[in-house]
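Undergrad: File run_23.pdb below, PDB, C-alpha atoms and all ligand atoms:
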MODEL        1
ATOM      1  CA  MET V 219      60.961  91.182 122.316
ATOM      2  CA  ILE V 220      64.081  89.322 123.339
ATOM      3  CA  THR V 221      63.972  88.830 127.145
ATOM      4  CA  HIS V 222      67.375  87.277 127.611
ATOM      5  CA  ARG V 223      70.263  88.933 125.855
ATOM      6  CA  PRO V 224      73.440  87.116 126.976
ATOM      7  CA  ARG V 225      75.458  89.678 125.038
ATOM      8  CA  ARG V 226      74.691  92.305 127.754
ATOM      9  CA  ASN V 227      77.141  90.419 129.995
ATOM     10  CA  ARG V 228      79.791  90.670 127.306
ATOM     11  CA  LYS V 229      79.457  94.362 126.491
ATOM     12  CA  ASN V 230      82.762  95.555 127.930
ATOM     13  CA  GLN V 231      85.888  94.160 129.544
ATOM     14  CA  ILE V 232      84.891  95.122 133.088
ATOM     15  CA  ILE V 233      81.594  93.278 132.857
ATOM     16  CA  ARG V 234      83.273  90.355 131.119
ATOM     17  CA  ASP V 235      85.722  90.216 134.026
ATOM     18  CA  LEU V 236      82.878  90.372 136.567
ATOM     19  CA  VAL V 237      81.135  87.364 135.100
ATOM     20  CA  GLN V 238      84.262  85.351 134.346
ATOM     21  CA  GLU V 239      83.863  81.902 135.908
ATOM     22  CA  ASN V 240      87.397  80.556 135.767
ATOM     23  CA  SER V 241      90.902  81.903 135.713
ATOM     24  CA  VAL V 242      94.444  80.634 135.694
ATOM     25  CA  CYS V 243      97.002  81.790 138.190
ATOM     26  CA  VAL V 244     100.620  81.014 138.864
ATOM     27  CA  ASN V 245      99.629  79.143 142.053
ATOM     28  CA  ASP V 246      98.025  76.475 139.866
ATOM     29  CA  PHE V 247     101.264  75.394 138.212
ATOM     30  CA  ILE V 248     103.771  72.647 138.743
ATOM     31  CA  PHE V 249     106.719  73.249 136.418
ATOM     32  CA  PRO V 250     108.389  70.082 135.043
ATOM     33  CA  MET V 251     112.170  70.312 134.696
ATOM     34  CA  PHE V 252     114.731  67.966 133.138
ATOM     35  CA  LEU V 253     118.052  67.152 134.754
ATOM     36  CA  ILE V 254     121.351  66.027 133.232
ATOM     37  CA  ASP V 255     124.643  65.075 134.768
ATOM     38  CA  GLY V 256     127.608  67.455 134.768
ATOM     39  CA  LYS V 257     128.406  71.061 135.574
ATOM     40  CA  ASN V 258     127.319  74.155 133.735
ATOM     41  CA  LYS V 259     125.567  71.985 131.171
ATOM     42  CA  LYS V 260     122.499  72.936 129.210
ATOM     43  CA  SER V 261     121.245  70.936 126.272
ATOM     44  CA  ASP V 262     118.191  71.690 124.244
ATOM     45  CA  ILE V 263     115.442  69.323 123.249
ATOM     46  CA  ALA V 264     114.632  69.699 119.562
ATOM     47  CA  SER V 265     110.946  68.840 119.979
ATOM     48  CA  MET V 266     110.486  71.153 122.995
ATOM     49  CA  PRO V 267     111.710  74.639 122.039
ATOM     50  CA  GLY V 268     112.336  76.786 125.115
ATOM     51  CA  ILE V 269     112.850  73.816 127.452
ATOM     52  CA  ASN V 270     116.337  72.506 128.281
ATOM     53  CA  ARG V 271     117.956  69.684 130.133
ATOM     54  CA  LEU V 272     120.009  71.312 132.880
ATOM     55  CA  SER V 273     122.824  70.215 135.144
ATOM     56  CA  SER V 274     122.040  70.704 138.831
ATOM     57  CA  ASP V 275     123.915  74.022 139.178
ATOM     58  CA  LEU V 276     121.998  75.546 136.267
ATOM     59  CA  LEU V 277     118.784  73.948 137.478
ATOM     60  CA  LEU V 278     119.123  75.770 140.796
ATOM     61  CA  ARG V 279     119.607  79.068 138.963
ATOM     62  CA  GLU V 280     116.638  78.441 136.707
ATOM     63  CA  MET V 281     114.495  77.554 139.723
ATOM     64  CA  GLU V 282     115.491  80.778 141.407
ATOM     65  CA  ALA V 283     114.341  82.728 138.356
ATOM     66  CA  CYS V 284     111.038  80.833 138.373
ATOM     67  CA  ILE V 285     110.525  81.406 142.093
ATOM     68  CA  LYS V 286     110.989  85.136 141.513
ATOM     69  CA  LEU V 287     108.180  84.907 138.976
ATOM     70  CA  GLY V 288     105.930  83.310 141.595
ATOM     71  CA  ILE V 289     106.223  79.645 140.615
ATOM     72  CA  LYS V 290     106.266  77.611 143.811
ATOM     73  CA  SER V 291     106.093  73.975 142.695
ATOM     74  CA  PHE V 292     108.309  71.882 140.460
ATOM     75  CA  VAL V 293     108.534  68.292 139.285
ATOM     76  CA  LEU V 294     111.935  66.878 138.367
ATOM     77  CA  PHE V 295     112.801  64.237 135.765
ATOM     78  CA  PRO V 296     116.324  62.858 135.207
ATOM     79  CA  ASN V 297     118.061  62.048 131.937
ATOM     80  CA  ILE V 298     120.156  59.064 133.014
ATOM     81  CA  SER V 299     123.162  57.990 130.985
ATOM     82  CA  GLU V 300     122.571  54.729 129.132
ATOM     83  CA  LYS V 301     125.440  52.978 130.891
ATOM     84  CA  LEU V 302     123.792  53.429 134.306
ATOM     85  CA  LYS V 303     120.539  51.791 133.211
ATOM     86  CA  ASP V 304     119.721  48.205 134.145
ATOM     87  CA  LYS V 305     116.735  45.879 134.322
ATOM     88  CA  LYS V 306     115.944  46.786 137.939
ATOM     89  CA  ALA V 307     116.440  50.555 137.738
ATOM     90  CA  THR V 308     119.089  50.269 140.467
ATOM     91  CA  GLU V 309     120.373  53.773 139.794
ATOM     92  CA  SER V 310     117.064  55.204 141.046
ATOM     93  CA  LEU V 311     118.134  54.311 144.618
ATOM     94  CA  ASN V 312     121.631  55.781 144.408
ATOM     95  CA  LYS V 313     121.762  58.559 147.003
ATOM     96  CA  ASN V 314     124.854  59.959 145.271
ATOM     97  CA  GLY V 315     123.297  59.625 141.844
ATOM     98  CA  LEU V 316     122.057  62.522 139.747
ATOM     99  CA  TYR V 317     118.427  62.522 140.858
ATOM    100  CA  LEU V 318     118.549  62.053 144.619
ATOM    101  CA  LYS V 319     121.627  64.222 145.054
ATOM    102  CA  THR V 320     120.030  67.071 143.145
ATOM    103  CA  LEU V 321     116.813  66.652 145.100
ATOM    104  CA  LYS V 322     118.713  67.149 148.361
ATOM    105  CA  GLU V 323     120.462  70.229 146.964
ATOM    106  CA  VAL V 324     117.217  71.706 145.735
ATOM    107  CA  LYS V 325     115.520  71.266 149.122
ATOM    108  CA  LYS V 326     118.556  72.730 150.863
ATOM    109  CA  HIS V 327     118.531  75.839 148.675
ATOM    110  CA  PHE V 328     114.782  76.279 148.451
ATOM    111  CA  PRO V 329     113.221  74.630 151.513
ATOM    112  CA  GLU V 330     109.918  76.459 150.960
ATOM    113  CA  THR V 331     109.295  75.269 147.410
ATOM    114  CA  VAL V 332     107.180  72.193 146.816
ATOM    115  CA  ILE V 333     109.101  69.517 144.972
ATOM    116  CA  MET V 334     107.308  66.656 143.333
ATOM    117  CA  THR V 335     109.307  63.605 142.306
ATOM    118  CA  ASP V 336     108.694  60.994 139.661
ATOM    119  CA  VAL V 337     108.293  57.371 140.656
ATOM    120  CA  ALA V 338     108.643  55.027 137.683
ATOM    121  CA  MET V 339     111.393  52.819 136.368
ATOM    122  CA  ASP V 340     111.628  54.056 132.786
ATOM    123  CA  PRO V 341     114.320  56.750 133.128
ATOM    124  CA  TYR V 342     116.620  54.160 134.765
ATOM    125  CA  SER V 343     115.489  51.014 132.968
ATOM    126  CA  SER V 344     117.539  49.349 130.239
ATOM    127  CA  ASP V 345     114.203  48.144 128.839
ATOM    128  CA  GLY V 346     112.718  51.653 128.747
ATOM    129  CA  HIS V 347     109.613  50.396 130.538
ATOM    130  CA  ASP V 348     107.949  51.535 133.750
ATOM    131  CA  GLY V 349     108.155  48.086 135.324
ATOM    132  CA  ILE V 350     110.335  45.018 135.593
ATOM    133  CA  VAL V 351     110.418  43.084 132.323
ATOM    134  CA  LYS V 352     110.521  39.298 132.079
ATOM    135  CA  ASN V 353     110.031  37.543 128.756
ATOM    136  CA  LYS V 354     108.722  40.811 127.299
ATOM    137  CA  GLU V 355     106.076  41.088 130.028
ATOM    138  CA  ILE V 356     105.822  43.855 132.595
ATOM    139  CA  ILE V 357     105.652  42.178 136.014
ATOM    140  CA  ASN V 358     103.355  44.105 138.337
ATOM    141  CA  ASP V 359     103.998  42.937 141.898
ATOM    142  CA  GLU V 360     107.777  42.717 141.695
ATOM    143  CA  THR V 361     107.775  46.242 140.321
ATOM    144  CA  LEU V 362     105.914  47.496 143.396
ATOM    145  CA  GLU V 363     108.914  46.720 145.554
ATOM    146  CA  VAL V 364     111.175  48.847 143.335
ATOM    147  CA  LEU V 365     108.646  51.686 143.282
ATOM    148  CA  GLY V 366     108.232  51.571 147.064
ATOM    149  CA  ASN V 367     111.987  51.797 147.612
ATOM    150  CA  MET V 368     112.226  54.632 145.099
ATOM    151  CA  ALA V 369     109.466  56.587 146.826
ATOM    152  CA  LEU V 370     111.077  56.072 150.230
ATOM    153  CA  ALA V 371     114.502  57.199 148.982
ATOM    154  CA  GLN V 372     112.921  60.321 147.481
ATOM    155  CA  ALA V 373     111.060  61.090 150.709
ATOM    156  CA  GLU V 374     114.318  60.704 152.627
ATOM    157  CA  CYS V 375     115.870  63.292 150.307
ATOM    158  CA  GLY V 376     113.105  65.800 150.959
ATOM    159  CA  ALA V 377     110.398  65.185 148.336
ATOM    160  CA  ASP V 378     107.126  66.912 149.223
ATOM    161  CA  ILE V 379     104.912  65.078 146.746
ATOM    162  CA  ILE V 380     105.562  61.628 145.318
ATOM    163  CA  GLY V 381     104.263  61.205 141.767
ATOM    164  CA  PRO V 382     103.905  57.564 140.711
ATOM    165  CA  SER V 383     103.689  57.717 136.903
ATOM    166  CA  ASP V 384     104.062  53.991 136.274
ATOM    167  CA  MET V 385     100.428  52.717 136.233
ATOM    168  CA  MET V 386     101.175  49.465 138.082
ATOM    169  CA  ASP V 387      98.189  48.112 140.029
ATOM    170  CA  GLY V 388      98.259  48.701 143.775
ATOM    171  CA  ARG V 389     101.199  51.080 143.800
ATOM    172  CA  VAL V 390      99.535  53.966 145.600
ATOM    173  CA  GLY V 391      98.634  51.800 148.609
ATOM    174  CA  TYR V 392     102.020  50.122 148.550
ATOM    175  CA  ILE V 393     103.863  53.445 148.529
ATOM    176  CA  ARG V 394     101.553  54.969 151.169
ATOM    177  CA  GLU V 395     102.273  52.085 153.521
ATOM    178  CA  ILE V 396     106.057  52.294 153.108
ATOM    179  CA  LEU V 397     106.003  56.067 153.619
ATOM    180  CA  ASP V 398     103.847  55.775 156.744
ATOM    181  CA  GLU V 399     105.926  52.960 158.245
ATOM    182  CA  ASN V 400     108.941  55.221 157.915
ATOM    183  CA  ASN V 401     107.236  58.231 159.484
ATOM    184  CA  PHE V 402     106.736  60.112 156.239
ATOM    185  CA  THR V 403     103.048  60.575 156.951
ATOM    186  CA  ASN V 404     103.262  64.167 155.697
ATOM    187  CA  VAL V 405     104.639  63.293 152.282
ATOM    188  CA  SER V 406     101.829  63.500 149.717
ATOM    189  CA  ILE V 407     101.029  61.236 146.799
ATOM    190  CA  MET V 408      99.858  62.687 143.502
ATOM    191  CA  SER V 409      98.853  59.622 141.587
ATOM    192  CA  TYR V 410      98.974  59.499 137.807
ATOM    193  CA  THR V 411      95.501  58.008 138.053
ATOM    194  CA  ALA V 412      94.221  58.107 134.493
ATOM    195  CA  LYS V 413      97.394  57.952 132.469
ATOM    196  CA  TYR V 414      96.645  57.033 128.889
ATOM    197  CA  ALA V 415      98.867  55.147 126.434
ATOM    198  CA  SER V 416      99.298  58.325 124.450
ATOM    199  CA  SER V 417     101.332  59.436 121.469
ATOM    200  CA  PHE V 418     101.565  62.876 123.045
ATOM    201  CA  TYR V 419     104.542  61.751 125.184
ATOM    202  CA  GLY V 420     107.022  61.644 122.277
ATOM    203  CA  PRO V 421     108.981  64.836 123.049
ATOM    204  CA  PHE V 422     109.289  63.848 126.744
ATOM    205  CA  ARG V 423     110.839  60.538 125.745
ATOM    206  CA  ASP V 424     113.258  62.507 123.536
ATOM    207  CA  ALA V 425     114.151  64.635 126.555
ATOM    208  CA  LEU V 426     114.903  61.645 128.783
ATOM    209  CA  GLU V 427     115.969  59.277 125.990
ATOM    210  CA  SER V 428     113.627  56.851 127.711
ATOM    211  CA  ALA V 429     111.495  55.408 124.903
ATOM    212  CA  PRO V 430     110.624  51.702 125.341
ATOM    213  CA  LYS V 431     113.238  49.426 123.768
ATOM    214  CA  PHE V 432     110.497  47.093 122.528
ATOM    215  CA  GLY V 433     106.725  47.188 122.229
ATOM    216  CA  ASP V 434     104.562  49.879 123.782
ATOM    217  CA  LYS V 435     103.019  50.717 127.156
ATOM    218  CA  LYS V 436      99.493  49.487 126.434
ATOM    219  CA  THR V 437      99.480  46.708 129.042
ATOM    220  CA  TYR V 438      99.742  49.294 131.803
ATOM    221  CA  GLN V 439      98.723  52.711 130.478
ATOM    222  CA  MET V 440      95.037  53.173 129.629
ATOM    223  CA  ASN V 441      93.281  52.836 126.301
ATOM    224  CA  PRO V 442      92.406  56.342 124.990
ATOM    225  CA  ALA V 443      88.963  55.024 124.063
ATOM    226  CA  ASN V 444      87.916  54.469 127.698
ATOM    227  CA  SER V 445      86.378  56.748 130.290
ATOM    228  CA  LYS V 446      84.625  54.424 132.799
ATOM    229  CA  GLU V 447      87.974  52.793 133.394
ATOM    230  CA  ALA V 448      89.290  56.139 134.647
ATOM    231  CA  LEU V 449      86.639  56.040 137.382
ATOM    232  CA  LEU V 450      87.809  52.573 138.395
ATOM    233  CA  GLU V 451      91.436  53.749 138.581
ATOM    234  CA  ALA V 452      90.303  56.778 140.575
ATOM    235  CA  ASP V 453      88.253  54.633 143.014
ATOM    236  CA  LEU V 454      91.327  52.513 143.656
ATOM    237  CA  ASP V 455      93.768  55.415 144.048
ATOM    238  CA  PHE V 456      91.376  57.239 146.356
ATOM    239  CA  ALA V 457      90.876  54.125 148.480
ATOM    240  CA  GLU V 458      94.629  53.517 148.563
ATOM    241  CA  GLY V 459      95.258  56.990 149.957
ATOM    242  CA  ALA V 460      96.122  59.299 147.063
ATOM    243  CA  ASP V 461      96.024  63.027 147.895
ATOM    244  CA  PHE V 462      95.562  64.164 144.286
ATOM    245  CA  LEU V 463      94.228  62.365 141.223
ATOM    246  CA  MET V 464      95.965  63.222 137.972
ATOM    247  CA  VAL V 465      94.719  62.953 134.396
ATOM    248  CA  LYS V 466      97.306  62.736 131.632
ATOM    249  CA  PRO V 467      97.450  64.009 128.913
ATOM    250  CA  ALA V 468      95.145  66.964 129.503
ATOM    251  CA  LEU V 469      93.747  68.298 126.253
ATOM    252  CA  SER V 470      92.302  65.228 124.621
ATOM    253  CA  TYR V 471      91.048  64.131 128.049
ATOM    254  CA  LEU V 472      89.156  67.178 129.352
ATOM    255  CA  ASP V 473      86.067  64.977 129.739
ATOM    256  CA  ILE V 474      88.040  62.697 132.072
ATOM    257  CA  ILE V 475      89.178  65.675 134.153
ATOM    258  CA  LYS V 476      85.560  66.751 134.484
ATOM    259  CA  SER V 477      84.352  63.304 135.339
ATOM    260  CA  LEU V 478      86.937  62.813 138.100
ATOM    261  CA  ASN V 479      86.272  66.287 139.467
ATOM    262  CA  ASP V 480      82.518  65.602 139.555
ATOM    263  CA  ASN V 481      82.983  62.297 141.346
ATOM    264  CA  PHE V 482      85.837  62.776 143.810
ATOM    265  CA  SER V 483      86.344  65.146 146.684
ATOM    266  CA  ILE V 484      90.136  65.380 146.435
ATOM    267  CA  PRO V 485      91.894  67.811 144.072
ATOM    268  CA  ILE V 486      92.322  66.911 140.420
ATOM    269  CA  ALA V 487      95.573  67.588 138.586
ATOM    270  CA  ALA V 488      96.136  67.560 134.837
ATOM    271  CA  TYR V 489      99.397  67.049 132.972
ATOM    272  CA  ASN V 490      99.580  69.304 129.920
ATOM    273  CA  VAL V 491     102.135  66.996 128.321
ATOM    274  CA  SER V 492     105.132  67.444 126.064
ATOM    275  CA  GLY V 493     103.342  66.755 122.771
ATOM    276  CA  GLU V 494     100.667  69.325 123.634
ATOM    277  CA  TYR V 495     103.421  71.861 124.262
ATOM    278  CA  ALA V 496     105.288  70.917 121.075
ATOM    279  CA  MET V 497     102.209  71.346 118.868
ATOM    280  CA  VAL V 498     101.627  74.892 120.085
ATOM    281  CA  LYS V 499     105.297  75.779 119.628
ATOM    282  CA  ALA V 500     105.371  74.303 116.123
ATOM    283  CA  GLY V 501     102.168  76.023 115.024
ATOM    284  CA  ALA V 502     103.346  79.339 116.422
ATOM    285  CA  ALA V 503     106.782  79.032 114.782
ATOM    286  CA  GLU V 504     105.061  78.572 111.416
ATOM    287  CA  GLY V 505     102.992  81.665 112.125
ATOM    288  CA  TRP V 506      99.798  79.625 111.831
ATOM    289  CA  ILE V 507      98.495  80.332 115.326
ATOM    290  CA  ASP V 508      99.103  82.977 117.979
ATOM    291  CA  GLY V 509     101.128  80.806 120.361
ATOM    292  CA  LYS V 510     100.598  82.875 123.499
ATOM    293  CA  LYS V 511      96.856  83.241 123.061
ATOM    294  CA  VAL V 512      96.445  79.563 122.233
ATOM    295  CA  ARG V 513      98.561  78.673 125.272
ATOM    296  CA  ASP V 514      96.394  80.791 127.568
ATOM    297  CA  GLU V 515      93.196  79.338 126.116
ATOM    298  CA  ILE V 516      94.494  75.792 126.597
ATOM    299  CA  LEU V 517      95.448  76.385 130.232
ATOM    300  CA  LEU V 518      92.082  78.018 130.904
ATOM    301  CA  SER V 519      90.244  75.072 129.348
ATOM    302  CA  ILE V 520      92.077  72.698 131.671
ATOM    303  CA  LYS V 521      90.982  74.779 134.673
ATOM    304  CA  ARG V 522      87.415  75.001 133.372
ATOM    305  CA  ALA V 523      87.271  71.232 132.980
ATOM    306  CA  GLY V 524      87.963  70.941 136.704
ATOM    307  CA  ALA V 525      91.693  70.654 137.315
ATOM    308  CA  SER V 526      92.984  72.693 140.217
ATOM    309  CA  VAL V 527      96.611  71.794 139.525
ATOM    310  CA  ILE V 528      98.280  71.969 136.092
ATOM    311  CA  LEU V 529     101.657  70.443 135.302
ATOM    312  CA  THR V 530     102.816  72.435 132.306
ATOM    313  CA  TYR V 531     105.978  73.327 130.384
ATOM    314  CA  PHE V 532     104.337  76.706 129.777
ATOM    315  CA  ALA V 533     104.562  77.681 133.467
ATOM    316  CA  LYS V 534     107.581  79.968 133.212
ATOM    317  CA  GLU V 535     106.634  81.791 130.023
ATOM    318  CA  TRP V 536     103.070  82.196 131.280
ATOM    319  CA  ALA V 537     104.408  83.718 134.496
ATOM    320  CA  ILE V 538     106.604  86.133 132.510
ATOM    321  CA  ASP V 539     103.783  87.209 130.239
ATOM    322  CA  HIS V 540     101.335  87.660 133.128
ATOM    323  CA  LYS V 541     103.659  89.416 135.519
ATOM    324  CA  LYS V 542     101.763  91.977 137.554
TER     325      LYS V 542
HETATM  326  C1  LIG S 601     107.047  57.981 132.376
HETATM  327  C2  LIG S 601     106.512  59.357 132.147
HETATM  328  C3  LIG S 601     106.124  59.846 130.894
HETATM  329  C4  LIG S 601     105.745  61.168 131.076
HETATM  330  C5  LIG S 601     105.889  61.470 132.429
HETATM  331  N1  LIG S 601     106.353  60.329 133.087
HETATM  332  C6  LIG S 601     106.171  59.205 129.559
HETATM  333  C7  LIG S 601     105.744  57.819 129.373
HETATM  334  O1  LIG S 601     104.875  57.290 130.075
HETATM  335  O2  LIG S 601     106.323  57.198 128.487
HETATM  336  C8  LIG S 601     105.286  62.057 129.960
HETATM  337  C9  LIG S 601     105.237  63.518 130.207
HETATM  338  C10 LIG S 601     105.145  64.357 128.984
HETATM  339  O3  LIG S 601     104.938  63.875 127.851
HETATM  340  O4  LIG S 601     105.263  65.581 129.136
HETATM  341  N2  LIG S 601     106.980  57.421 133.609
ENDMDL
END
What does the file become when written as structure tokens?
Ligand code: PBG
TA:
Amino acid sequence: MITHRPRRNRKNQIIRDLVQENSVCVNDFIFPMFLIDGKNKKSDIASMPGINRLSSDLLLREMEACIKLGIKSFVLFPNISEKLKDKKATESLNKNGLYLKTLKEVKKHFPETVIMTDVAMDPYSSDGHDGIVKNKEIINDETLEVLGNMALAQAECGADIIGPSDMMDGRVGYIREILDENNFTNVSIMSYTAKYASSFYGPFRDALESAPKFGDKKTYQMNPANSKEALLEADLDFAEGADFLMVKPALSYLDIIKSLNDNFSIPIAAYNVSGEYAMVKAGAAEGWIDGKKVRDEILLSIKRAGASVILTYFAKEWAIDHKK
């Protein structure tokens, strides 16, 4: 006699649906989009098939299409021309520059959408690093000032969520204080809490042309071998006032997502990064995997691990394929 037959709960689709513990829905997504200067410009990114860099006019049109599909949140990243980059990321504060100007336009056209911004120096830095560089070192505390000003400028242009992706120590508290002092108490912070020094960011750096000009990011991004350290980062970000804790990348770090979700009472986000997207696209193009099914399984696994928010380049195609 077999008393427990788990297969009874798998015997048909209706029962499988009844007992399903997790599901993905379009409300879970933040869709990352890449911006370039110009008008009516669209350039593709070889390592990210299906994703383009868009000028602001085309970006607005693409957002409209996404909104119609039910996507309500976006994060924007700028591809800044090399000649505007400098050691202090000055261009990041230019209210008439590509990023802040587009942000204002986006909020004017779509006031109801949630726009997350990126706070880090690398897209604007002539060193291609997330902080100020002196003698090949990344200087933490001087960088905070730049990040704080960047966050404030973004809030002034309508950002709903500030996303510090730089991994400097103390930046969440620093940014929270500047926002509060300037009456932006309602602007949220989604901290890139456990951001690993990962090789999965390659295609993103192609998209922004933002790869470090020397060395790597290991003095600020985390060692992929560590998990306790993620709890330390999370303790600090929570104490400093973060509203969401993010884990990045997602797939090789599902254990970290689970650990943060088990230990913290604020929502956990996961960034399903560019290299994770590229691998699925490449495998599917070769005909070696079923790209759509693998995509759906990946997104579900991120939810199951404990993320309530997923930043993913798959957002739009998922929404198309799952349209009710
Ligand atoms: C940099 C930043 C990176 C990503 C988001 N913000 C790359 C890096 O740290 O070099 C990667 C996102 C992706 O790979 O999709 N501040």
Undergrad: Suppose you want the space between atom C3 of ligand LIG 601 (chain S) and atom CA of V:Leu449; what is it in Å?
TA: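 Value for the atom C3 of ligand LIG 601 (chain S)-atom CA of V:Leu449 distance: 20.9 Å.
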Undergrad: Given the file shown, determine the residues that the PyMOL selection byres (((not hetatm)) within 6 of (chain S and resi 601)) selects; report them as a VMD selection string.
TA: chain V and resid 338 340 348 383 to 384 418 to 419 422 491 to 492
Undergrad: For each of V:Leu518, V:Leu294, V:Ile393, V:Ile356, take the minimum atom-to-atom distance to V:Ile248, counting only C-alpha atoms, then give the residue where this is smallest.
TA: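 Of V:Leu518, V:Leu294, V:Ile393, V:Ile356, the one nearest V:Ile248 is V:Leu294, counting only C-alpha atoms.
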Undergrad: Using only C-alpha atoms, which residues of stretch 365-390 of chain V come within 10 Å of stretch 272-293 of chain V, and what is the closest atom pair for each, with the distance in Å to one decimal? Give it as a Markdown table, sorted by chain and residue number.
TA:
| residue | atom | partner | partner_atom | distance |
| --- | --- | --- | --- | --- |
| V:Ala377 | CA | V:Val293 | CA | 9.7 |
| V:Asp378 | CA | V:Ser291 | CA | 9.7 |
| V:Ile379 | CA | V:Val293 | CA | 8.9 |
| V:Ile380 | CA | V:Val293 | CA | 9.5 |
| V:Gly381 | CA | V:Val293 | CA | 8.6 |
Undergrad: For the file shown, report as a PDB file with C-alpha atoms, in the coordinates of the input the outcome of the PyMOL selection byres (((chain V and resi 324) around 9) and not hetatm) at residue level.
TA:
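Writing done, so here's out_5.pdb:
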ATOM      1  CA  SER V 274     122.040  70.704 138.831  1.00  0.00           C
ATOM      2  CA  LEU V 277     118.784  73.948 137.478  1.00  0.00           C
ATOM      3  CA  LEU V 278     119.123  75.770 140.796  1.00  0.00           C
ATOM      4  CA  MET V 281     114.495  77.554 139.723  1.00  0.00           C
ATOM      5  CA  LYS V 319     121.627  64.222 145.054  1.00  0.00           C
ATOM      6  CA  THR V 320     120.030  67.071 143.145  1.00  0.00           C
ATOM      7  CA  LEU V 321     116.813  66.652 145.100  1.00  0.00           C
ATOM      8  CA  LYS V 322     118.713  67.149 148.361  1.00  0.00           C
ATOM      9  CA  GLU V 323     120.462  70.229 146.964  1.00  0.00           C
ATOM     10  CA  LYS V 325     115.520  71.266 149.122  1.00  0.00           C
ATOM     11  CA  LYS V 326     118.556  72.730 150.863  1.00  0.00           C
ATOM     12  CA  HIS V 327     118.531  75.839 148.675  1.00  0.00           C
ATOM     13  CA  PHE V 328     114.782  76.279 148.451  1.00  0.00           C
ATOM     14  CA  PRO V 329     113.221  74.630 151.513  1.00  0.00           C
ATOM     15  CA  THR V 331     109.295  75.269 147.410  1.00  0.00           C
ATOM     16  CA  ILE V 333     109.101  69.517 144.972  1.00  0.00           C
ATOM     17  CA  GLY V 376     113.105  65.800 150.959  1.00  0.00           C
TER      18      GLY V 376
END
Undergrad: Might you spell out which residues the PyMOL selection byres (((chain V and resi 364) around 9) and not hetatm) would select in the displayed file, as a ChimeraX atom specification?
TA: /V:306-308,310-311,338-339,349-350,360-363,365-369
Undergrad: Which value, in Å to one decimal, gives the distance between atom CA of V:Ile520 and atom CA of V:Ala468?
TA: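 Separation of atom CA of V:Ile520 and atom CA of V:Ala468: 6.9 Å.
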Undergrad: Using only C-alpha atoms for the distances, tell me which of V:Arg423, V:Lys510, V:His540, V:Lys476 is nearest to V:Ile298.
TA: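 Among the listed residues, V:Arg423 lies closest to V:Ile298.
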Undergrad: Measure the distance from atom CA of V:Asn270 to atom CA of V:Ile254 in Å and round it to one decimal.
TA: 9.6 Å
Undergrad: Given all atoms listed in the file as the basis, pick out the residue of V:Ala488, V:Ala371, V:Ala460, V:Ala537 nearest to V:Ala412.
TA: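 Distance minimum relative to V:Ala412 lands on V:Ala488.
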Undergrad: Identify which of the residues V:Asp387, V:Asp398, V:Glu374, V:Asp434 lies closest to V:Lys354, counting only C-alpha atoms when measuring atom-to-atom distances.
TA: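 With only C-alpha atoms as the atom set, the closest residue is V:Asp434.
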Undergrad: Find the residues near V:Lys435: any atom within 9 Å, counting only C-alpha atoms, skip ones fewer than 3 places away on the same chain, and give them as a list in words.
TA: His347, Asp348, Ala415, Ser416, Pro430, Tyr438, Gln439 and Met440 of chain V
Undergrad: Nearest residue to V:Ala523 out of V:Ser241, V:Asn401, V:Asn444, V:Ser483, using all atoms listed in the file?
TA: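 So, comparing all the options, the nearest one is V:Ser241.
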Undergrad: Measuring between only C-alpha atoms, which one of V:Phe249, V:Phe432, V:Tyr317, V:Tyr489 shows the shortest distance to V:Lys413?
TA: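 Ranked by minimum distance to V:Lys413, first place goes to V:Tyr489.
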Undergrad: The residues within 9 Å of (103.4, 58.6, 140.2), using all atoms listed in the file and the coordinates of the file, should be reported as a list in words; which are they?
TA: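 Those residues, ordered by chain and then number, are Thr335, Asp336, Val337, Ala338, Ile380, Gly381, Pro382, Ser383, Asp384, Met385, Arg389, Val390, Ile407, Met408, Ser409, Tyr410 and Thr411 of chain V.
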Undergrad: Take the residues from that selection and put them in a file with C-alpha atoms, as a PDB file, in the frame of the given file.
TA:
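Heads up, here's the output in selection-v9.pdb:
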ATOM      1  CA  THR V 335     109.307  63.605 142.306  1.00  0.00           C
ATOM      2  CA  ASP V 336     108.694  60.994 139.661  1.00  0.00           C
ATOM      3  CA  VAL V 337     108.293  57.371 140.656  1.00  0.00           C
ATOM      4  CA  ALA V 338     108.643  55.027 137.683  1.00  0.00           C
ATOM      5  CA  ILE V 380     105.562  61.628 145.318  1.00  0.00           C
ATOM      6  CA  GLY V 381     104.263  61.205 141.767  1.00  0.00           C
ATOM      7  CA  PRO V 382     103.905  57.564 140.711  1.00  0.00           C
ATOM      8  CA  SER V 383     103.689  57.717 136.903  1.00  0.00           C
ATOM      9  CA  ASP V 384     104.062  53.991 136.274  1.00  0.00           C
ATOM     10  CA  MET V 385     100.428  52.717 136.233  1.00  0.00           C
ATOM     11  CA  ARG V 389     101.199  51.080 143.800  1.00  0.00           C
ATOM     12  CA  VAL V 390      99.535  53.966 145.600  1.00  0.00           C
ATOM     13  CA  ILE V 407     101.029  61.236 146.799  1.00  0.00           C
ATOM     14  CA  MET V 408      99.858  62.687 143.502  1.00  0.00           C
ATOM     15  CA  SER V 409      98.853  59.622 141.587  1.00  0.00           C
ATOM     16  CA  TYR V 410      98.974  59.499 137.807  1.00  0.00           C
ATOM     17  CA  THR V 411      95.501  58.008 138.053  1.00  0.00           C
TER      18      THR V 411
END
Undergrad: Report, as lines of an AutoDock Vina configuration file, the centre and edge lengths in Å (one decimal) of the axis-aligned box enclosing every listed atom of stretch 457-465 of chain V, padded by 5 Å on each side.
TA:
center_x = 93.5
center_y = 58.8
center_z = 142.2
size_x = 15.2
size_y = 20.6
size_z = 25.6
